[in-house]
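Dropping coords-v9.txt in here (compact mmCIF, C-alpha atoms):
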```txt
# COMPACT_ATOMS: atom_id res chain seq x y z
CA MET N 1 -35.56 43.25 28.88
CA ARG N 2 -35.12 44.65 32.37
CA ILE N 3 -34.80 48.38 32.74
CA LYS N 4 -34.16 50.75 35.62
CA ILE N 5 -35.97 54.02 36.13
CA LEU N 6 -34.20 56.40 38.50
CA ILE N 7 -36.50 59.04 39.96
CA ARG N 8 -35.09 61.96 41.87
CA LEU N 9 -36.34 65.25 43.20
CA LYS N 10 -35.31 68.19 41.06
CA LYS N 11 -32.11 69.92 42.19
CA GLN N 12 -33.85 72.98 43.58
CA ILE N 13 -36.17 70.89 45.82
CA LEU N 14 -34.99 70.19 49.37
CA GLU N 15 -34.49 66.47 50.01
CA PRO N 16 -34.32 66.03 53.81
CA GLN N 17 -33.62 62.29 53.85
CA GLY N 18 -30.37 62.84 52.00
CA LYS N 19 -29.34 65.44 54.57
CA VAL N 20 -30.02 62.95 57.37
CA ILE N 21 -27.91 60.32 55.63
CA GLU N 22 -25.14 62.85 55.10
CA GLN N 23 -25.09 63.81 58.75
CA SER N 24 -25.24 60.19 59.90
CA LEU N 25 -22.33 59.20 57.67
CA ASN N 26 -20.40 62.18 58.96
CA ASN N 27 -21.11 61.12 62.55
CA LEU N 28 -19.82 57.65 61.68
CA GLY N 29 -16.53 59.19 60.57
CA PHE N 30 -16.98 59.29 56.80
CA GLN N 31 -15.35 62.42 55.40
CA GLY N 32 -16.13 64.15 52.16
CA LEU N 33 -19.34 62.38 51.14
CA GLU N 34 -21.40 65.33 49.98
CA ASN N 35 -24.59 66.41 48.28
CA ILE N 36 -26.33 63.19 49.22
CA ARG N 37 -29.80 62.85 47.74
CA GLN N 38 -32.15 59.93 48.07
CA GLY N 39 -34.51 59.01 45.28
CA LYS N 40 -36.51 56.07 44.00
CA LEU N 41 -35.50 53.15 41.86
CA ILE N 42 -38.12 51.31 39.85
CA GLU N 43 -37.11 48.19 37.93
CA LEU N 44 -39.35 46.36 35.49
CA ASP N 45 -39.39 43.92 32.61
CA LEU N 46 -40.46 45.23 29.21
CA PRO N 47 -41.78 42.91 26.49
CA GLU N 48 -38.91 41.69 24.27
CA ASN N 49 -40.73 42.26 20.99
CA LEU N 50 -40.74 46.06 21.15
CA ASN N 51 -38.35 48.25 19.20
CA GLN N 52 -36.42 51.02 20.91
CA GLN N 53 -38.94 53.72 20.00
CA GLU N 54 -41.83 51.69 21.41
CA LYS N 55 -39.90 51.03 24.61
CA ASP N 56 -39.11 54.72 25.00
CA ASP N 57 -42.75 55.62 24.41
CA ILE N 58 -44.09 53.15 26.98
CA ILE N 59 -41.63 54.22 29.64
CA SER N 60 -42.21 57.89 29.00
CA SER N 61 -45.97 57.41 29.15
CA ALA N 62 -45.84 55.30 32.33
CA CYS N 63 -43.64 57.90 34.00
CA LYS N 64 -45.90 60.79 33.04
CA LYS N 65 -49.13 58.99 33.97
CA LEU N 66 -48.13 57.33 37.21
CA LEU N 67 -44.53 57.01 38.28
CA VAL N 68 -43.12 60.52 38.24
CA ASN N 69 -44.47 63.80 39.54
CA GLU N 70 -42.89 66.01 36.93
CA ILE N 71 -43.59 69.15 38.90
CA ILE N 72 -40.97 68.24 41.47
CA GLU N 73 -39.26 65.12 40.11
CA GLU N 74 -37.13 64.15 37.14
CA TYR N 75 -36.28 60.68 35.87
CA GLU N 76 -33.58 58.83 34.03
CA VAL N 77 -33.87 55.46 32.31
CA LEU N 78 -30.98 53.00 32.40
CA GLY N 79 -30.39 49.74 30.61
CA MET D 80 -17.21 62.35 41.26
CA ARG D 81 -20.91 61.65 41.58
CA ILE D 82 -21.96 58.05 42.07
CA LYS D 83 -25.27 56.25 42.30
CA ILE D 84 -26.02 53.49 44.78
CA LEU D 85 -29.02 51.36 43.84
CA ILE D 86 -30.51 49.50 46.79
CA ARG D 87 -33.09 46.83 46.24
CA LEU D 88 -34.74 44.13 48.30
CA LYS D 89 -33.33 40.67 47.59
CA LYS D 90 -35.25 38.70 44.97
CA GLN D 91 -36.84 36.33 47.45
CA ILE D 92 -38.28 39.15 49.59
CA LEU D 93 -41.79 40.34 48.77
CA GLU D 94 -41.86 43.97 47.65
CA PRO D 95 -45.49 45.13 47.90
CA GLN D 96 -45.03 48.64 46.47
CA GLY D 97 -43.87 47.18 43.18
CA LYS D 98 -46.97 45.00 43.03
CA VAL D 99 -49.16 48.06 43.56
CA ILE D 100 -47.38 49.92 40.76
CA GLU D 101 -47.74 46.88 38.50
CA GLN D 102 -51.46 46.67 39.12
CA SER D 103 -51.95 50.43 38.70
CA LEU D 104 -50.10 50.45 35.38
CA ASN D 105 -52.18 47.49 34.26
CA ASN D 106 -55.35 49.35 35.22
CA LEU D 107 -54.14 52.31 33.15
CA GLY D 108 -53.86 50.05 30.12
CA PHE D 109 -50.15 49.26 30.10
CA GLN D 110 -49.60 45.70 28.96
CA GLY D 111 -46.60 43.53 29.62
CA LEU D 112 -44.79 45.57 32.26
CA GLU D 113 -43.81 42.85 34.69
CA ASN D 114 -41.82 42.02 37.78
CA ILE D 115 -41.89 45.60 38.94
CA ARG D 116 -39.82 46.25 42.06
CA GLN D 117 -39.24 49.51 43.82
CA GLY D 118 -35.99 50.25 45.55
CA LYS D 119 -33.91 53.16 46.73
CA LEU D 120 -31.50 55.39 44.89
CA ILE D 121 -28.80 57.21 46.80
CA GLU D 122 -26.57 59.67 44.96
CA LEU D 123 -23.53 61.32 46.44
CA ASP D 124 -20.31 63.11 45.62
CA LEU D 125 -17.04 61.37 46.47
CA PRO D 126 -13.77 63.28 46.94
CA GLU D 127 -11.91 63.54 43.62
CA ASN D 128 -8.51 62.64 45.07
CA LEU D 129 -9.30 59.00 45.85
CA ASN D 130 -8.19 56.10 43.70
CA GLN D 131 -10.65 53.43 42.59
CA GLN D 132 -9.80 51.09 45.46
CA GLU D 133 -10.33 53.80 48.07
CA LYS D 134 -13.65 54.77 46.48
CA ASP D 135 -14.80 51.15 46.49
CA ASP D 136 -13.77 50.78 50.14
CA ILE D 137 -15.62 53.92 51.28
CA ILE D 138 -18.80 52.98 49.45
CA SER D 139 -18.71 49.41 50.65
CA SER D 140 -18.15 50.54 54.23
CA ALA D 141 -20.91 53.20 54.12
CA CYS D 142 -23.34 50.63 52.71
CA LYS D 143 -22.50 48.06 55.36
CA LYS D 144 -22.57 50.51 58.26
CA LEU D 145 -25.61 52.58 57.37
CA LEU D 146 -27.19 52.49 53.96
CA VAL D 147 -27.98 48.85 53.29
CA ASN D 148 -29.59 46.18 55.42
CA GLU D 149 -27.68 43.26 53.99
CA ILE D 150 -30.02 40.73 55.55
CA ILE D 151 -32.79 41.67 53.15
CA GLU D 152 -31.22 44.12 50.70
CA GLU D 153 -28.53 44.12 48.04
CA TYR D 154 -26.85 47.06 46.37
CA GLU D 155 -25.20 48.03 43.13
CA VAL D 156 -22.89 50.99 42.52
CA LEU D 157 -23.03 52.89 39.23
CA GLY D 158 -20.84 55.61 37.75
```
Output the file's structure as structure tokens, nothing else.
Amino acid sequence: MRIKILIRLKKQILEPQGKVIEQSLNNLGFQGLENIRQGKLIELDLPENLNQQEKDDIISSACKKLLVNEIIEEYEVLG
Amino acid sequence: MRIKILIRLKKQILEPQGKVIEQSLNNLGFQGLENIRQGKLIELDLPENLNQQEKDDIISSACKKLLVNEIIEEYEVLG
């Protein structure tokens, strides 16, 4: 089972790359694209034989131990 | 309306950061997390007064003109 982990800086943390993208899109003539933030996407395959609770536990543990800096980042799991 | 653009390297392109994450998780004792690939997440607000076709057109155009290198990357739009 393939899952997506979306990792983004917390709202209150400045994310300069998003600002650069926003300005560049504006310079290219795109109007009204706002609050652009760039984050990370991590995709991985989980073993098929796990139940939902086990999957949640593995992902949560992997995020806390390696993937996410919970001081400044938050994450969301999709799929 | 807030949308997510997921940008990933095409399957056939080597993605070294994902390999590093895979090995690190393995070293930490995580078993069976495979085919890990890291990509980019871009989130932005679109104007509310657009219809679905206009939204699709803006996103597609922004991806082609700035956000995505379609030679080596592919993208997916969520939400």
Discussion item. Give me, as an NGL selection string, all polymer residues having an atom no more than 8 Å from D:Leu157, counting only C-alpha atoms and skipping those fewer than 6 positions away in the same chain.
Written reply: :D and (82-85)
Can you build me a table of chain N residues sitting at most 9 Å from stretch 129-149 of chain D, with the closest atom pair per residue and its distance in Å to one decimal, using only C-alpha atoms, sorted by chain and residue number, as JSON lines?
```
{"residue": "N:Ile21", "atom": "CA", "partner": "D:Leu146", "partner_atom": "CA", "distance": 8.0}
{"residue": "N:Ser24", "atom": "CA", "partner": "D:Leu145", "partner_atom": "CA", "distance": 8.0}
{"residue": "N:Leu25", "atom": "CA", "partner": "D:Ala141", "partner_atom": "CA", "distance": 7.1}
{"residue": "N:Leu28", "atom": "CA", "partner": "D:Lys144", "partner_atom": "CA", "distance": 8.4}
{"residue": "N:Phe30", "atom": "CA", "partner": "D:Ala141", "partner_atom": "CA", "distance": 7.7}
```
Kindly compute an axis-aligned box around the listed atoms of stretch 38-42 of chain N, allowing 4 Å on each side, and express its centre and edge lengths in Å to one decimal as AutoDock Vina command-line options.
```
--center_x -35.1 --center_y 55.6 --center_z 44.0 --size_x 14.0 --size_y 16.6 --size_z 16.2
```
What are the coordinates of chain N as a short mmCIF file (atom, residue, chain, number, x, y, z; two decimals) with C-alpha atoms, keeping the file's coordinate frame following a least-squares fit to chain D on all in-order C-alpha atoms?
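Writing done, so here's result-v9.cif:
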```cif
data_model
loop_
_atom_site.label_atom_id
_atom_site.label_comp_id
_atom_site.auth_asym_id
_atom_site.auth_seq_id
_atom_site.Cartn_x
_atom_site.Cartn_y
_atom_site.Cartn_z
CA MET N 1 -17.20 62.38 41.28
CA ARG N 2 -20.91 61.64 41.59
CA ILE N 3 -21.95 58.06 42.07
CA LYS N 4 -25.26 56.24 42.29
CA ILE N 5 -26.01 53.49 44.77
CA LEU N 6 -29.02 51.36 43.84
CA ILE N 7 -30.50 49.50 46.79
CA ARG N 8 -33.09 46.82 46.25
CA LEU N 9 -34.73 44.12 48.29
CA LYS N 10 -33.33 40.68 47.59
CA LYS N 11 -35.25 38.69 44.98
CA GLN N 12 -36.83 36.31 47.46
CA ILE N 13 -38.27 39.17 49.59
CA LEU N 14 -41.79 40.35 48.77
CA GLU N 15 -41.86 43.98 47.63
CA PRO N 16 -45.51 45.13 47.88
CA GLN N 17 -45.02 48.63 46.46
CA GLY N 18 -43.86 47.18 43.17
CA LYS N 19 -46.97 45.00 43.03
CA VAL N 20 -49.15 48.08 43.56
CA ILE N 21 -47.37 49.91 40.76
CA GLU N 22 -47.75 46.89 38.50
CA GLN N 23 -51.46 46.68 39.12
CA SER N 24 -51.94 50.43 38.70
CA LEU N 25 -50.09 50.45 35.39
CA ASN N 26 -52.17 47.50 34.27
CA ASN N 27 -55.36 49.35 35.22
CA LEU N 28 -54.13 52.31 33.17
CA GLY N 29 -53.87 50.04 30.13
CA PHE N 30 -50.15 49.27 30.09
CA GLN N 31 -49.59 45.70 28.95
CA GLY N 32 -46.61 43.52 29.62
CA LEU N 33 -44.78 45.57 32.26
CA GLU N 34 -43.82 42.84 34.69
CA ASN N 35 -41.82 42.01 37.78
CA ILE N 36 -41.89 45.60 38.95
CA ARG N 37 -39.82 46.22 42.06
CA GLN N 38 -39.25 49.51 43.81
CA GLY N 39 -35.99 50.25 45.55
CA LYS N 40 -33.92 53.17 46.74
CA LEU N 41 -31.51 55.39 44.89
CA ILE N 42 -28.81 57.21 46.81
CA GLU N 43 -26.58 59.67 44.95
CA LEU N 44 -23.52 61.33 46.45
CA ASP N 45 -20.30 63.12 45.62
CA LEU N 46 -17.05 61.37 46.47
CA PRO N 47 -13.79 63.29 46.94
CA GLU N 48 -11.90 63.54 43.61
CA ASN N 49 -8.51 62.65 45.06
CA LEU N 50 -9.31 59.01 45.85
CA ASN N 51 -8.19 56.10 43.71
CA GLN N 52 -10.65 53.44 42.61
CA GLN N 53 -9.80 51.08 45.47
CA GLU N 54 -10.34 53.82 48.06
CA LYS N 55 -13.66 54.76 46.48
CA ASP N 56 -14.80 51.14 46.49
CA ASP N 57 -13.78 50.78 50.13
CA ILE N 58 -15.63 53.90 51.28
CA ILE N 59 -18.80 52.98 49.45
CA SER N 60 -18.71 49.40 50.66
CA SER N 61 -18.15 50.54 54.24
CA ALA N 62 -20.90 53.19 54.11
CA CYS N 63 -23.33 50.63 52.71
CA LYS N 64 -22.51 48.04 55.35
CA LYS N 65 -22.57 50.51 58.25
CA LEU N 66 -25.60 52.59 57.38
CA LEU N 67 -27.19 52.49 53.96
CA VAL N 68 -27.98 48.86 53.28
CA ASN N 69 -29.58 46.18 55.42
CA GLU N 70 -27.68 43.26 53.98
CA ILE N 71 -30.01 40.74 55.54
CA ILE N 72 -32.79 41.68 53.15
CA GLU N 73 -31.22 44.13 50.69
CA GLU N 74 -28.53 44.11 48.04
CA TYR N 75 -26.84 47.07 46.36
CA GLU N 76 -25.19 48.02 43.13
CA VAL N 77 -22.90 50.99 42.51
CA LEU N 78 -23.05 52.88 39.23
CA GLY N 79 -20.85 55.57 37.77
#
```
Contact residues (chain D, partner chain N, 8 Å, all atoms listed in the file) as a PDB file with C-alpha atoms, in the coordinates of the input:
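The resulting file, iface_18.pdb, is reproduced below:
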```pdb
ATOM      1  CA  LEU D  85     -29.020  51.360  43.840  1.00  0.00           C
ATOM      2  CA  ILE D  86     -30.510  49.500  46.790  1.00  0.00           C
ATOM      3  CA  GLY D  97     -43.870  47.180  43.180  1.00  0.00           C
ATOM      4  CA  LEU D 104     -50.100  50.450  35.380  1.00  0.00           C
ATOM      5  CA  PHE D 109     -50.150  49.260  30.100  1.00  0.00           C
ATOM      6  CA  GLY D 111     -46.600  43.530  29.620  1.00  0.00           C
ATOM      7  CA  LEU D 112     -44.790  45.570  32.260  1.00  0.00           C
ATOM      8  CA  GLU D 113     -43.810  42.850  34.690  1.00  0.00           C
ATOM      9  CA  ASN D 114     -41.820  42.020  37.780  1.00  0.00           C
ATOM     10  CA  ILE D 115     -41.890  45.600  38.940  1.00  0.00           C
ATOM     11  CA  ARG D 116     -39.820  46.250  42.060  1.00  0.00           C
ATOM     12  CA  GLN D 117     -39.240  49.510  43.820  1.00  0.00           C
ATOM     13  CA  GLY D 118     -35.990  50.250  45.550  1.00  0.00           C
ATOM     14  CA  LYS D 119     -33.910  53.160  46.730  1.00  0.00           C
ATOM     15  CA  LEU D 120     -31.500  55.390  44.890  1.00  0.00           C
ATOM     16  CA  ILE D 121     -28.800  57.210  46.800  1.00  0.00           C
ATOM     17  CA  GLU D 122     -26.570  59.670  44.960  1.00  0.00           C
ATOM     18  CA  LEU D 123     -23.530  61.320  46.440  1.00  0.00           C
ATOM     19  CA  ASP D 124     -20.310  63.110  45.620  1.00  0.00           C
ATOM     20  CA  LEU D 125     -17.040  61.370  46.470  1.00  0.00           C
ATOM     21  CA  PRO D 126     -13.770  63.280  46.940  1.00  0.00           C
ATOM     22  CA  ILE D 137     -15.620  53.920  51.280  1.00  0.00           C
ATOM     23  CA  ALA D 141     -20.910  53.200  54.120  1.00  0.00           C
ATOM     24  CA  LEU D 145     -25.610  52.580  57.370  1.00  0.00           C
TER      25      LEU D 145
END
```
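The residue that comes closest to N:Glu76, out of N:Val20, N:Asn26, N:Leu9, N:Glu15 and on the basis of only C-alpha atoms, is N:Leu9.
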Fill in: Coordinates-based distance that separates atom CA of D:Tyr154 from atom CA of N:Lys19 (Å, one decimal)
20.3 Å
Worksheet entry | d(atom CA of D:Ile92, atom CA of D:Ile151) in Å |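 Between atom CA of D:Ile92 and atom CA of D:Ile151 the gap works out to 7.0 Å.
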Practice prompt. Would you mind reading off the distance between atom CA of D:Glu152 and atom CA of D:Leu93, one decimal, in Å?
Written response: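 About the pair atom CA of D:Glu152 and atom CA of D:Leu93: they are 11.4 Å apart.
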